[in-house]
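Shown next: my_file-v3.cif, containing mmCIF, C-alpha atoms.
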```cif
data_coords
loop_
_atom_site.label_atom_id
_atom_site.label_comp_id
_atom_site.auth_asym_id
_atom_site.auth_seq_id
_atom_site.Cartn_x
_atom_site.Cartn_y
_atom_site.Cartn_z
CA MET Z 289 -55.02 101.97 61.82
CA LEU Z 290 -54.71 98.28 61.24
CA LYS Z 291 -51.45 96.68 62.25
CA GLN Z 292 -49.12 95.85 59.43
CA MET Z 293 -48.89 92.13 60.04
CA LEU Z 294 -47.34 90.75 56.90
CA ARG Z 295 -43.99 91.54 55.36
CA GLY Z 296 -43.10 91.31 51.68
CA VAL Z 297 -39.73 89.76 52.57
CA ALA Z 298 -39.37 86.93 55.07
CA PRO Z 299 -38.18 88.20 58.46
CA ILE Z 300 -34.54 87.44 59.18
CA ALA Z 301 -33.02 86.19 62.40
CA VAL Z 302 -29.29 86.59 62.83
CA MET Z 303 -27.55 83.88 64.79
CA ALA Z 304 -23.78 83.33 65.04
CA GLY Z 305 -23.31 85.85 62.27
CA LEU Z 306 -25.49 83.96 59.77
CA ALA Z 307 -28.82 85.16 58.38
CA THR Z 308 -31.47 82.46 58.83
CA PRO Z 309 -35.00 82.80 57.40
CA VAL Z 310 -37.77 82.49 59.98
CA MET Z 311 -39.66 79.24 59.44
CA ALA Z 312 -43.42 79.32 59.11
CA GLU Z 313 -45.26 77.73 62.01
CA ASP Z 314 -48.42 75.66 61.91
CA VAL Z 315 -51.73 77.42 61.26
CA GLU Z 316 -54.65 77.04 63.66
CA VAL Z 317 -57.81 77.46 61.61
CA LEU Z 318 -61.31 78.05 62.95
CA HIS Z 319 -64.04 77.11 60.48
CA TRP Z 320 -67.47 75.52 60.16
CA TRP Z 321 -66.84 73.28 57.16
CA THR Z 322 -67.83 70.00 58.79
CA ALA Z 323 -70.26 68.50 56.24
CA GLY Z 324 -68.90 65.82 53.93
CA GLY Z 325 -68.49 67.89 50.77
CA GLU Z 326 -67.13 70.84 52.71
CA ALA Z 327 -64.60 68.73 54.60
CA ALA Z 328 -63.41 67.21 51.33
CA ALA Z 329 -62.87 70.68 49.88
CA LEU Z 330 -61.02 71.84 52.98
CA ASN Z 331 -58.62 68.92 52.63
CA VAL Z 332 -57.44 70.49 49.35
CA LEU Z 333 -56.17 73.48 51.32
CA LYS Z 334 -54.68 71.34 54.09
CA GLU Z 335 -52.75 69.26 51.56
CA ASP Z 336 -51.56 72.35 49.71
CA LEU Z 337 -50.10 73.80 52.92
CA ALA Z 338 -48.64 70.44 53.96
CA ALA Z 339 -46.69 70.39 50.70
CA LYS Z 340 -45.16 73.69 51.81
CA GLY Z 341 -44.19 72.24 55.20
CA ILE Z 342 -46.96 74.01 57.11
CA GLY Z 343 -49.04 71.97 59.54
CA TRP Z 344 -52.76 72.46 60.13
CA VAL Z 345 -54.34 72.61 63.58
CA ASP Z 346 -58.05 72.10 63.02
CA MET Z 347 -60.68 73.99 65.03
CA PRO Z 348 -64.03 72.99 63.51
CA VAL Z 349 -67.25 74.41 64.96
CA ALA Z 350 -70.32 72.75 63.46
CA GLY Z 351 -73.18 74.87 62.18
CA GLY Z 352 -73.61 75.71 58.51
CA GLY Z 353 -74.33 79.41 58.95
CA GLY Z 354 -71.25 80.10 61.06
CA GLU Z 355 -73.07 81.57 64.08
CA ALA Z 356 -71.59 79.04 66.49
CA ALA Z 357 -68.12 79.60 65.03
CA MET Z 358 -68.38 83.34 65.62
CA THR Z 359 -69.40 82.71 69.23
CA ALA Z 360 -66.38 80.45 69.72
CA LEU Z 361 -64.15 83.05 68.07
CA ARG Z 362 -65.31 85.80 70.42
CA ALA Z 363 -64.39 83.63 73.40
CA ARG Z 364 -60.91 82.96 72.00
CA VAL Z 365 -60.20 86.61 71.23
CA THR Z 366 -61.51 87.74 74.61
CA ALA Z 367 -59.12 85.28 76.23
CA GLY Z 368 -56.24 86.81 74.28
CA ASP Z 369 -55.67 83.65 72.23
CA PRO Z 370 -57.02 84.17 68.69
CA PRO Z 371 -56.60 81.45 66.04
CA THR Z 372 -54.19 82.08 63.18
CA ALA Z 373 -56.95 82.25 60.58
CA VAL Z 374 -60.74 82.22 60.70
CA GLN Z 375 -63.35 81.46 58.06
CA MET Z 376 -65.65 84.47 57.86
CA LEU Z 377 -68.42 86.01 55.81
CA GLY Z 378 -69.19 89.56 54.75
CA PHE Z 379 -69.88 92.10 57.44
CA ASP Z 380 -68.40 89.88 60.15
CA ILE Z 381 -65.01 90.52 58.52
CA GLN Z 382 -65.61 94.25 58.55
CA ASP Z 383 -66.73 94.21 62.18
CA TRP Z 384 -63.54 92.45 63.34
CA ALA Z 385 -61.39 94.75 61.22
CA ALA Z 386 -63.06 97.77 62.83
CA GLU Z 387 -61.96 96.41 66.20
CA GLY Z 388 -58.35 96.35 65.00
CA ALA Z 389 -58.18 92.58 65.41
CA LEU Z 390 -57.10 91.64 61.90
CA GLY Z 391 -53.70 91.61 60.26
CA ASN Z 392 -52.74 93.27 57.00
CA LEU Z 393 -52.27 91.33 53.76
CA ASP Z 394 -51.33 94.28 51.54
CA GLU Z 395 -47.82 93.19 50.65
CA VAL Z 396 -48.70 89.64 49.61
CA ALA Z 397 -51.77 90.99 47.76
CA ALA Z 398 -49.63 93.54 45.90
CA ALA Z 399 -46.97 90.99 45.02
CA GLU Z 400 -49.59 88.67 43.51
CA GLY Z 401 -51.87 91.29 41.90
CA TRP Z 402 -55.05 90.54 43.80
CA ASP Z 403 -56.57 93.91 42.92
CA LYS Z 404 -56.70 92.99 39.24
CA VAL Z 405 -58.27 89.54 39.50
CA ILE Z 406 -60.61 89.62 42.51
CA PRO Z 407 -64.00 91.23 41.72
CA GLU Z 408 -64.79 94.53 43.40
CA ALA Z 409 -67.94 93.04 44.92
CA LEU Z 410 -65.69 90.71 46.93
CA GLN Z 411 -63.11 93.37 47.71
CA ARG Z 412 -65.92 95.23 49.47
CA PHE Z 413 -65.50 92.64 52.23
CA SER Z 414 -61.83 91.63 51.76
CA LYS Z 415 -60.59 95.16 52.45
CA TYR Z 416 -60.99 97.59 55.31
CA ASP Z 417 -59.93 101.23 55.11
CA GLY Z 418 -58.26 100.39 51.79
CA HIS Z 419 -56.17 97.53 53.19
CA TRP Z 420 -56.49 93.81 52.41
CA ILE Z 421 -57.49 92.00 55.60
CA ALA Z 422 -58.89 88.69 54.25
CA ALA Z 423 -58.25 86.22 51.44
CA PRO Z 424 -61.41 85.15 49.56
CA VAL Z 425 -61.59 81.44 48.85
CA ASN Z 426 -64.62 81.33 46.59
CA VAL Z 427 -67.86 82.88 45.44
CA HIS Z 428 -71.04 81.03 46.33
CA SER Z 429 -74.27 82.03 44.68
CA THR Z 430 -77.29 81.39 46.86
CA ASN Z 431 -80.34 81.52 44.56
CA TRP Z 432 -80.09 77.90 43.35
CA VAL Z 433 -82.58 75.04 43.27
CA TRP Z 434 -81.29 71.45 43.46
CA ILE Z 435 -83.79 69.00 42.03
CA SER Z 436 -83.82 65.21 41.96
CA LYS Z 437 -84.00 64.39 38.26
CA PRO Z 438 -85.96 61.14 38.79
CA ALA Z 439 -88.45 63.04 40.97
CA LEU Z 440 -88.77 65.79 38.36
CA GLU Z 441 -89.25 63.31 35.53
CA ALA Z 442 -91.95 61.55 37.54
CA THR Z 443 -93.99 64.77 37.52
CA GLY Z 444 -94.04 64.87 33.73
CA LEU Z 445 -93.13 68.57 33.92
CA GLY Z 446 -89.99 70.51 33.02
CA GLU Z 447 -87.63 72.61 35.11
CA PRO Z 448 -89.71 75.39 36.70
CA THR Z 449 -88.87 78.87 35.42
CA SER Z 450 -91.70 80.82 37.10
CA TRP Z 451 -93.55 80.73 40.42
CA ASP Z 452 -96.63 79.11 38.86
CA GLU Z 453 -94.48 76.42 37.24
CA LEU Z 454 -92.73 75.80 40.56
CA VAL Z 455 -96.03 75.34 42.37
CA ALA Z 456 -97.21 72.92 39.66
CA VAL Z 457 -94.06 70.80 40.07
CA LEU Z 458 -94.34 70.82 43.86
CA ASP Z 459 -97.99 69.79 43.72
CA LYS Z 460 -97.13 66.85 41.46
CA MET Z 461 -94.29 65.75 43.74
CA LYS Z 462 -96.69 65.83 46.67
CA GLU Z 463 -99.16 63.70 44.72
CA ASN Z 464 -96.33 61.26 43.99
CA GLY Z 465 -95.79 60.67 47.70
CA ILE Z 466 -92.50 62.42 48.40
CA THR Z 467 -91.69 65.55 50.37
CA PRO Z 468 -91.58 68.28 47.71
CA VAL Z 469 -89.17 70.62 49.54
CA ALA Z 470 -86.29 69.43 51.73
CA HIS Z 471 -85.56 72.14 54.26
CA GLY Z 472 -83.62 72.65 57.45
CA GLY Z 473 -85.43 74.89 59.89
CA GLN Z 474 -82.57 77.14 60.97
CA PRO Z 475 -82.80 80.94 60.65
CA TRP Z 476 -80.08 81.25 58.01
CA GLN Z 477 -81.72 78.52 55.91
CA ASP Z 478 -85.13 80.16 56.21
CA ALA Z 479 -83.54 83.43 55.11
CA THR Z 480 -81.82 81.73 52.16
CA ILE Z 481 -85.21 80.80 50.73
CA PHE Z 482 -86.60 84.25 51.42
CA ASP Z 483 -83.62 85.88 49.71
CA ALA Z 484 -84.55 84.03 46.52
CA LEU Z 485 -88.23 84.87 46.86
CA LEU Z 486 -87.35 88.54 47.23
CA LEU Z 487 -84.99 88.48 44.25
CA ALA Z 488 -87.80 86.93 42.20
CA GLU Z 489 -89.79 90.13 42.80
CA GLY Z 490 -87.13 91.87 40.67
CA PRO Z 491 -83.48 92.85 41.08
CA GLU Z 492 -84.34 96.53 41.57
CA PHE Z 493 -86.68 95.59 44.38
CA TYR Z 494 -84.12 93.33 46.03
CA LYS Z 495 -81.62 96.19 46.03
CA ALA Z 496 -84.15 98.66 47.40
CA ALA Z 497 -85.22 96.34 50.20
CA PHE Z 498 -82.15 94.39 51.26
CA VAL Z 499 -79.27 96.64 50.19
CA ASP Z 500 -80.66 100.17 50.48
CA LEU Z 501 -83.06 99.17 53.32
CA ASP Z 502 -85.77 101.42 51.90
CA PRO Z 503 -88.70 101.46 54.38
CA GLU Z 504 -91.34 101.56 51.63
CA ALA Z 505 -89.85 98.49 49.94
CA LEU Z 506 -89.48 96.64 53.23
CA GLY Z 507 -93.10 97.14 54.22
CA GLY Z 508 -94.80 97.28 50.83
CA ALA Z 509 -96.89 95.10 48.54
CA LYS Z 510 -93.99 93.20 46.90
CA MET Z 511 -92.56 92.31 50.29
CA ALA Z 512 -96.00 91.06 51.33
CA SER Z 513 -96.13 88.94 48.16
CA ALA Z 514 -92.74 87.38 48.97
CA PHE Z 515 -93.91 86.53 52.48
CA ASP Z 516 -97.15 85.01 51.15
CA ARG Z 517 -95.08 82.76 48.92
CA LEU Z 518 -92.82 81.78 51.81
CA ILE Z 519 -95.86 80.82 53.86
CA LYS Z 520 -97.15 78.73 50.94
CA LEU Z 521 -93.82 76.89 50.63
CA ARG Z 522 -94.14 75.77 54.25
CA GLY Z 523 -96.96 73.49 53.09
CA TYR Z 524 -94.52 71.56 50.88
CA MET Z 525 -92.05 70.79 53.70
CA ASP Z 526 -92.20 67.84 56.09
CA ASP Z 527 -93.14 68.31 59.74
CA ASN Z 528 -89.66 67.47 61.05
CA PHE Z 529 -87.66 70.26 59.43
CA SER Z 530 -87.03 72.27 62.59
CA GLY Z 531 -83.33 72.34 63.47
CA ARG Z 532 -82.29 70.07 60.59
CA ASP Z 533 -78.81 70.80 59.22
CA TRP Z 534 -78.67 71.83 55.57
CA ASN Z 535 -76.64 68.81 54.47
CA LEU Z 536 -79.26 66.45 55.91
CA ALA Z 537 -81.83 68.24 53.78
CA SER Z 538 -79.54 67.73 50.78
CA ALA Z 539 -79.37 64.03 51.64
CA MET Z 540 -83.17 63.83 51.45
CA VAL Z 541 -83.00 64.91 47.81
CA ILE Z 542 -80.00 62.69 47.09
CA ASN Z 543 -81.77 59.65 48.58
CA GLY Z 544 -85.06 60.26 46.78
CA GLU Z 545 -87.00 61.21 49.92
CA ALA Z 546 -87.57 64.76 48.71
CA GLY Z 547 -87.92 66.49 45.37
CA MET Z 548 -85.83 69.64 45.69
CA GLN Z 549 -83.86 71.93 47.95
CA PHE Z 550 -83.49 75.72 47.82
CA MET Z 551 -79.88 76.22 48.83
CA GLY Z 552 -76.59 77.80 47.81
CA ASP Z 553 -74.18 75.99 45.55
CA TRP Z 554 -72.31 74.39 48.47
CA ALA Z 555 -75.10 71.80 48.28
CA LYS Z 556 -73.57 70.52 45.06
CA GLY Z 557 -70.61 69.24 47.05
CA GLU Z 558 -72.95 66.84 48.87
CA PHE Z 559 -74.37 65.53 45.58
CA LEU Z 560 -70.90 65.02 44.13
CA LYS Z 561 -69.61 63.30 47.26
CA ALA Z 562 -72.56 60.91 46.97
CA GLY Z 563 -71.49 60.05 43.41
CA LYS Z 564 -74.33 61.95 41.73
CA VAL Z 565 -73.82 63.49 38.29
CA PRO Z 566 -75.23 66.89 37.21
CA GLY Z 567 -77.81 66.51 34.47
CA THR Z 568 -78.09 62.77 35.06
CA ASP Z 569 -79.03 62.43 38.73
CA PHE Z 570 -79.83 66.00 39.68
CA VAL Z 571 -80.70 69.34 38.11
CA CYS Z 572 -79.17 72.69 39.07
CA THR Z 573 -81.24 75.70 38.13
CA ARG Z 574 -81.82 79.25 39.30
CA PHE Z 575 -84.74 79.91 41.62
CA PRO Z 576 -87.72 80.61 39.34
CA GLY Z 577 -87.93 84.29 38.48
CA THR Z 578 -84.32 85.10 39.38
CA GLN Z 579 -82.70 84.17 36.08
CA GLY Z 580 -80.11 86.79 35.15
CA SER Z 581 -79.54 87.86 38.75
CA VAL Z 582 -77.28 86.40 41.43
CA THR Z 583 -77.09 86.76 45.19
CA PHE Z 584 -73.75 85.73 46.58
CA ASN Z 585 -71.62 85.13 49.60
CA SER Z 586 -67.90 84.57 49.73
CA ASP Z 587 -66.04 82.43 52.21
CA GLN Z 588 -62.89 84.23 53.21
CA PHE Z 589 -60.07 83.57 55.65
CA ALA Z 590 -59.28 86.54 57.85
CA MET Z 591 -55.86 86.56 59.48
CA PHE Z 592 -55.88 87.64 63.12
CA ASN Z 593 -53.18 89.59 64.90
CA VAL Z 594 -50.58 87.08 66.05
CA LYS Z 595 -47.38 87.45 68.06
CA SER Z 596 -44.58 85.40 66.52
CA GLU Z 597 -42.76 85.93 63.23
CA GLY Z 598 -43.30 82.25 62.45
CA GLU Z 599 -47.05 82.70 62.69
CA LEU Z 600 -46.83 85.71 60.40
CA GLU Z 601 -44.96 83.65 57.83
CA ALA Z 602 -47.62 80.93 58.09
CA GLN Z 603 -50.36 83.48 57.51
CA LYS Z 604 -48.56 84.83 54.47
CA ALA Z 605 -48.10 81.34 53.04
CA MET Z 606 -51.74 80.45 53.68
CA ALA Z 607 -53.03 83.63 52.03
CA SER Z 608 -50.80 83.04 49.00
CA ALA Z 609 -51.91 79.41 48.74
CA ILE Z 610 -55.59 80.40 48.88
CA GLU Z 611 -55.28 82.86 46.01
CA SER Z 612 -53.21 80.69 43.68
CA PRO Z 613 -55.21 79.91 40.49
CA ALA Z 614 -54.39 76.20 40.76
CA PHE Z 615 -55.79 76.01 44.28
CA GLN Z 616 -58.85 78.09 43.34
CA ALA Z 617 -59.71 75.59 40.60
CA ALA Z 618 -58.97 72.49 42.69
CA PHE Z 619 -60.89 73.73 45.74
CA ASN Z 620 -63.97 75.09 44.00
CA THR Z 621 -64.53 72.07 41.79
CA VAL Z 622 -64.90 70.07 45.02
CA LYS Z 623 -66.76 72.69 47.07
CA GLY Z 624 -69.43 73.47 44.48
CA SER Z 625 -68.60 77.18 44.39
CA VAL Z 626 -66.78 79.20 41.73
CA PRO Z 627 -63.34 80.85 42.01
CA ALA Z 628 -62.81 84.17 43.74
CA ARG Z 629 -60.50 85.10 40.85
CA THR Z 630 -61.71 86.05 37.40
CA ASP Z 631 -58.72 84.54 35.58
CA VAL Z 632 -59.39 80.88 36.42
CA PRO Z 633 -60.62 78.90 33.38
CA ASP Z 634 -63.79 76.78 33.67
CA THR Z 635 -62.14 73.74 32.06
CA ASP Z 636 -62.17 71.58 35.19
CA PHE Z 637 -65.70 72.50 36.25
CA ASP Z 638 -68.84 70.43 35.68
CA ASP Z 639 -71.96 71.76 33.97
CA CYS Z 640 -73.30 73.37 37.16
CA GLY Z 641 -69.93 75.01 37.81
CA LYS Z 642 -69.72 76.35 34.28
CA LYS Z 643 -73.24 77.74 34.60
CA GLY Z 644 -72.34 79.32 37.94
CA MET Z 645 -69.28 81.06 36.49
CA LYS Z 646 -71.24 82.28 33.46
CA ASP Z 647 -74.16 83.53 35.57
CA LEU Z 648 -71.82 85.32 37.95
CA ALA Z 649 -69.98 87.12 35.13
CA GLU Z 650 -73.24 88.19 33.47
CA ALA Z 651 -74.80 89.43 36.71
CA SER Z 652 -71.65 91.35 37.58
CA ALA Z 653 -71.62 93.01 34.15
CA ASN Z 654 -75.36 93.83 34.26
CA GLY Z 655 -75.44 95.25 37.79
CA THR Z 656 -77.61 92.41 39.10
CA LEU Z 657 -75.02 90.84 41.41
CA PHE Z 658 -75.97 91.42 45.04
CA GLY Z 659 -74.48 90.43 48.35
CA SER Z 660 -76.90 88.04 50.05
CA MET Z 661 -78.71 89.41 53.09
CA ALA Z 662 -79.20 85.87 54.37
CA HIS Z 663 -75.45 85.25 54.31
CA GLY Z 664 -74.16 88.45 55.83
CA HIS Z 665 -73.34 90.30 52.61
CA GLY Z 666 -76.37 92.58 52.30
CA ALA Z 667 -76.41 94.61 55.49
CA PRO Z 668 -74.66 94.73 58.87
CA THR Z 669 -75.15 91.91 61.36
CA ALA Z 670 -77.80 93.64 63.50
CA VAL Z 671 -80.03 94.18 60.46
CA LYS Z 672 -79.44 90.64 59.21
CA ASN Z 673 -80.44 89.19 62.57
CA ALA Z 674 -83.58 91.33 62.62
CA THR Z 675 -84.62 89.94 59.23
CA TYR Z 676 -83.90 86.40 60.47
CA ASP Z 677 -86.35 86.79 63.34
CA VAL Z 678 -89.22 87.95 61.15
CA ILE Z 679 -88.58 85.48 58.32
CA THR Z 680 -88.42 82.50 60.67
CA ALA Z 681 -91.56 83.65 62.47
CA ALA Z 682 -93.39 83.94 59.13
CA LEU Z 683 -92.31 80.47 58.00
CA ASN Z 684 -93.54 79.05 61.28
CA GLY Z 685 -96.99 80.61 60.98
CA GLU Z 686 -96.67 83.45 63.46
CA TYR Z 687 -98.18 86.05 61.12
CA ALA Z 688 -101.69 86.01 59.69
CA ASP Z 689 -100.51 86.92 56.20
CA GLY Z 690 -97.70 88.40 54.16
CA ALA Z 691 -98.79 91.99 54.71
CA THR Z 692 -98.54 91.57 58.47
CA ALA Z 693 -95.10 90.02 58.12
CA ALA Z 694 -93.93 92.82 55.82
CA LYS Z 695 -94.93 95.46 58.37
CA ALA Z 696 -93.12 93.52 61.09
CA LEU Z 697 -90.01 93.37 58.90
CA ALA Z 698 -90.00 97.10 58.21
CA ASP Z 699 -90.36 97.81 61.93
CA ALA Z 700 -87.62 95.32 62.88
CA VAL Z 701 -85.11 96.70 60.38
CA ALA Z 702 -85.81 100.27 61.48
CA ALA Z 703 -85.20 99.31 65.10
CA ALA Z 704 -81.95 97.50 64.22
CA GLN Z 705 -80.32 100.45 62.40
#
```
For the structure just supplied, provide its representation as structure tokens.
Amino acid sequence: MLKQMLRGVAPIAVMAGLATPVMAEDVEVLHWWTAGGEAAALNVLKEDLAAKGIGWVDMPVAGGGGEAAMTALRARVTAGDPPTAVQMLGFDIQDWAAEGALGNLDEVAAAEGWDKVIPEALQRFSKYDGHWIAAPVNVHSTNWVWISKPALEATGLGEPTSWDELVAVLDKMKENGITPVAHGGQPWQDATIFDALLLAEGPEFYKAAFVDLDPEALGGAKMASAFDRLIKLRGYMDDNFSGRDWNLASAMVINGEAGMQFMGDWAKGEFLKAGKVPGTDFVCTRFPGTQGSVTFNSDQFAMFNVKSEGELEAQKAMASAIESPAFQAAFNTVKGSVPARTDVPDTDFDDCGKKGMKDLAEASANGTLFGSMAHGHGAPTAVKNATYDVITAALNGEYADGATAAKALADAVAAAQ
């Protein structure tokens, strides 16, 4: 059973016959929000806690997918010195909870009614064995395209809504002398593109392949088609994409060096930080063929088992601050994501944010909202990593064609289960 780490009433210390509330200590927070837009969003949380008298000890670990942060976390926990709170995604949260490493947020969640306002798709990762063990900060949807509006207008074409229209736009951008697709060659970024390509084959197929892990879907004709399209997209990227961080790819679009980026909605934070305006300077649209469906991830803060009552009070205060509607609105308007609560109005959000909230609600209602495989919300870590290996190999030309890559994927997933 998980340890019951949080109390509904502040612990009391009795000294000289007087009851004195235990004061919350500082929070040490491990995270990977180091890009400009991400850091600006994180400051919203830091300032909120500072107003409550809680200090913030920063432990940033660069790397947009969080792999380096999880490696650093393992070292800290092994040494018996876990941080107070850790940014986590999807199945990583469940894995740590299964080890008994996470605290319990049930009492603060019950007091604030989290069950009623946080979507069940998120609770799948926020709870373990029926207990709240993490506080979701946001919902990111990953099947977005971010397009330079001047570059799009220069093609004389409209926003692409199908694969053929996308190829036509990319060809025109190439003719116009810019890199059509800005990409960072890291496994999680490669997989982000492939997620969208797979979803474009149909929501039922995405579920069969990346949620149900059906062998026939993983190795079949639609999977081969998605891989063929991934291989084609490589021809629209520059030769220096290997190892590039995602925010540097965003900067290529912002600066007019590239036409578009296939990336989750955290990219919007980079555009906003650069002073760009949705609809005027850049276009946000769903990956062609995925309209009506959404793949998502959700940044959450998991609270680790800590020793002192002061640390417990800090965890409780941080969890409460994260879930407050005012913070959810303030944070997500900066971050580019949408709130993890369903009761936050879209008043303060820009056009892309409003579209994101609307798309998320519709996909949730229609059964076409799926946890992203690329971002640790589709299948356990071993399976995710197996897909990474094959997808990255395909993008880098290691398979003769999509059919060969699809067979390799089916074999890799089978071996990882």
Counting only C-alpha atoms, which residues come within 9 Å of (-86.4, 81.8, 56.0), with the point read in the file's coordinates, and could you list them as an MDAnalysis selection string? chainID Z and resid 473:483 518 662 675:683
Selected residues, C-alpha atoms, written as an mmCIF file, keeping the file's coordinate frame, please.
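Final output, out_26.cif:
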```cif
data_model
loop_
_atom_site.group_PDB
_atom_site.id
_atom_site.type_symbol
_atom_site.label_atom_id
_atom_site.label_comp_id
_atom_site.auth_asym_id
_atom_site.auth_seq_id
_atom_site.Cartn_x
_atom_site.Cartn_y
_atom_site.Cartn_z
ATOM 1 C CA GLY Z 473 -85.430 74.890 59.890
ATOM 2 C CA GLN Z 474 -82.570 77.140 60.970
ATOM 3 C CA PRO Z 475 -82.800 80.940 60.650
ATOM 4 C CA TRP Z 476 -80.080 81.250 58.010
ATOM 5 C CA GLN Z 477 -81.720 78.520 55.910
ATOM 6 C CA ASP Z 478 -85.130 80.160 56.210
ATOM 7 C CA ALA Z 479 -83.540 83.430 55.110
ATOM 8 C CA THR Z 480 -81.820 81.730 52.160
ATOM 9 C CA ILE Z 481 -85.210 80.800 50.730
ATOM 10 C CA PHE Z 482 -86.600 84.250 51.420
ATOM 11 C CA ASP Z 483 -83.620 85.880 49.710
ATOM 12 C CA LEU Z 518 -92.820 81.780 51.810
ATOM 13 C CA ALA Z 662 -79.200 85.870 54.370
ATOM 14 C CA THR Z 675 -84.620 89.940 59.230
ATOM 15 C CA TYR Z 676 -83.900 86.400 60.470
ATOM 16 C CA ASP Z 677 -86.350 86.790 63.340
ATOM 17 C CA VAL Z 678 -89.220 87.950 61.150
ATOM 18 C CA ILE Z 679 -88.580 85.480 58.320
ATOM 19 C CA THR Z 680 -88.420 82.500 60.670
ATOM 20 C CA ALA Z 681 -91.560 83.650 62.470
ATOM 21 C CA ALA Z 682 -93.390 83.940 59.130
ATOM 22 C CA LEU Z 683 -92.310 80.470 58.000
#
```
Go through the shown structure with the PyMOL selection byres ((chain Z and resi 456) around 12) and write out the matching residues as a list in words. Leu440, Thr443, Gly444, Leu445, Gly446, Glu447, Pro448, Thr449, Ser450, Trp451, Asp452, Glu453, Leu454, Val455, Val457, Leu458, Asp459, Lys460, Met461, Lys462, Glu463, Pro468 and Tyr524 of chain Z
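Counting only C-alpha atoms and comparing Z:Val582, Z:Ala605, Z:Ala312, Z:Ala339, the residue that lies closest to Lys495 of chain Z is Z:Val582.
We find atom CA of Met551 of chain Z and atom CA of Thr669 of chain Z to be spaced 20.6 Å apart.
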Using the chain letters and numbers from this file, what does the PyMOL selection byres ((chain Z and resi 589-599) around 8) select? Give the answer as a PyMOL selection string. chain Z and resi 291+293+299+310-315+370-376+381+389-392+421-425+587-588+600-603+607
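Using all atoms listed in the file, the shortest contact distance between Glu316 of chain Z and any of Z:Met661, Z:Ala439, Z:Leu361, Z:Val345 is found at Z:Val345.
Pairwise distance (atom CA of Asp647 of chain Z, atom CA of Ser581 of chain Z) equals 7.6 Å.
Closest approach to Gly351 of chain Z among Z:Glu611, Z:Glu558, Z:Asp527, Z:Glu326: Z:Glu326, based on all atoms listed in the file.
Counting all atoms listed in the file, the residue from Z:Asp526, Z:Glu686, Z:Glu400, Z:Asp380 that sits nearest to Tyr416 of chain Z is Z:Asp380.
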Of Z:Met358, Z:Ala555, Z:Val632, Z:Lys520, the one sitting nearest Phe615 of chain Z when using all atoms listed in the file is Z:Val632
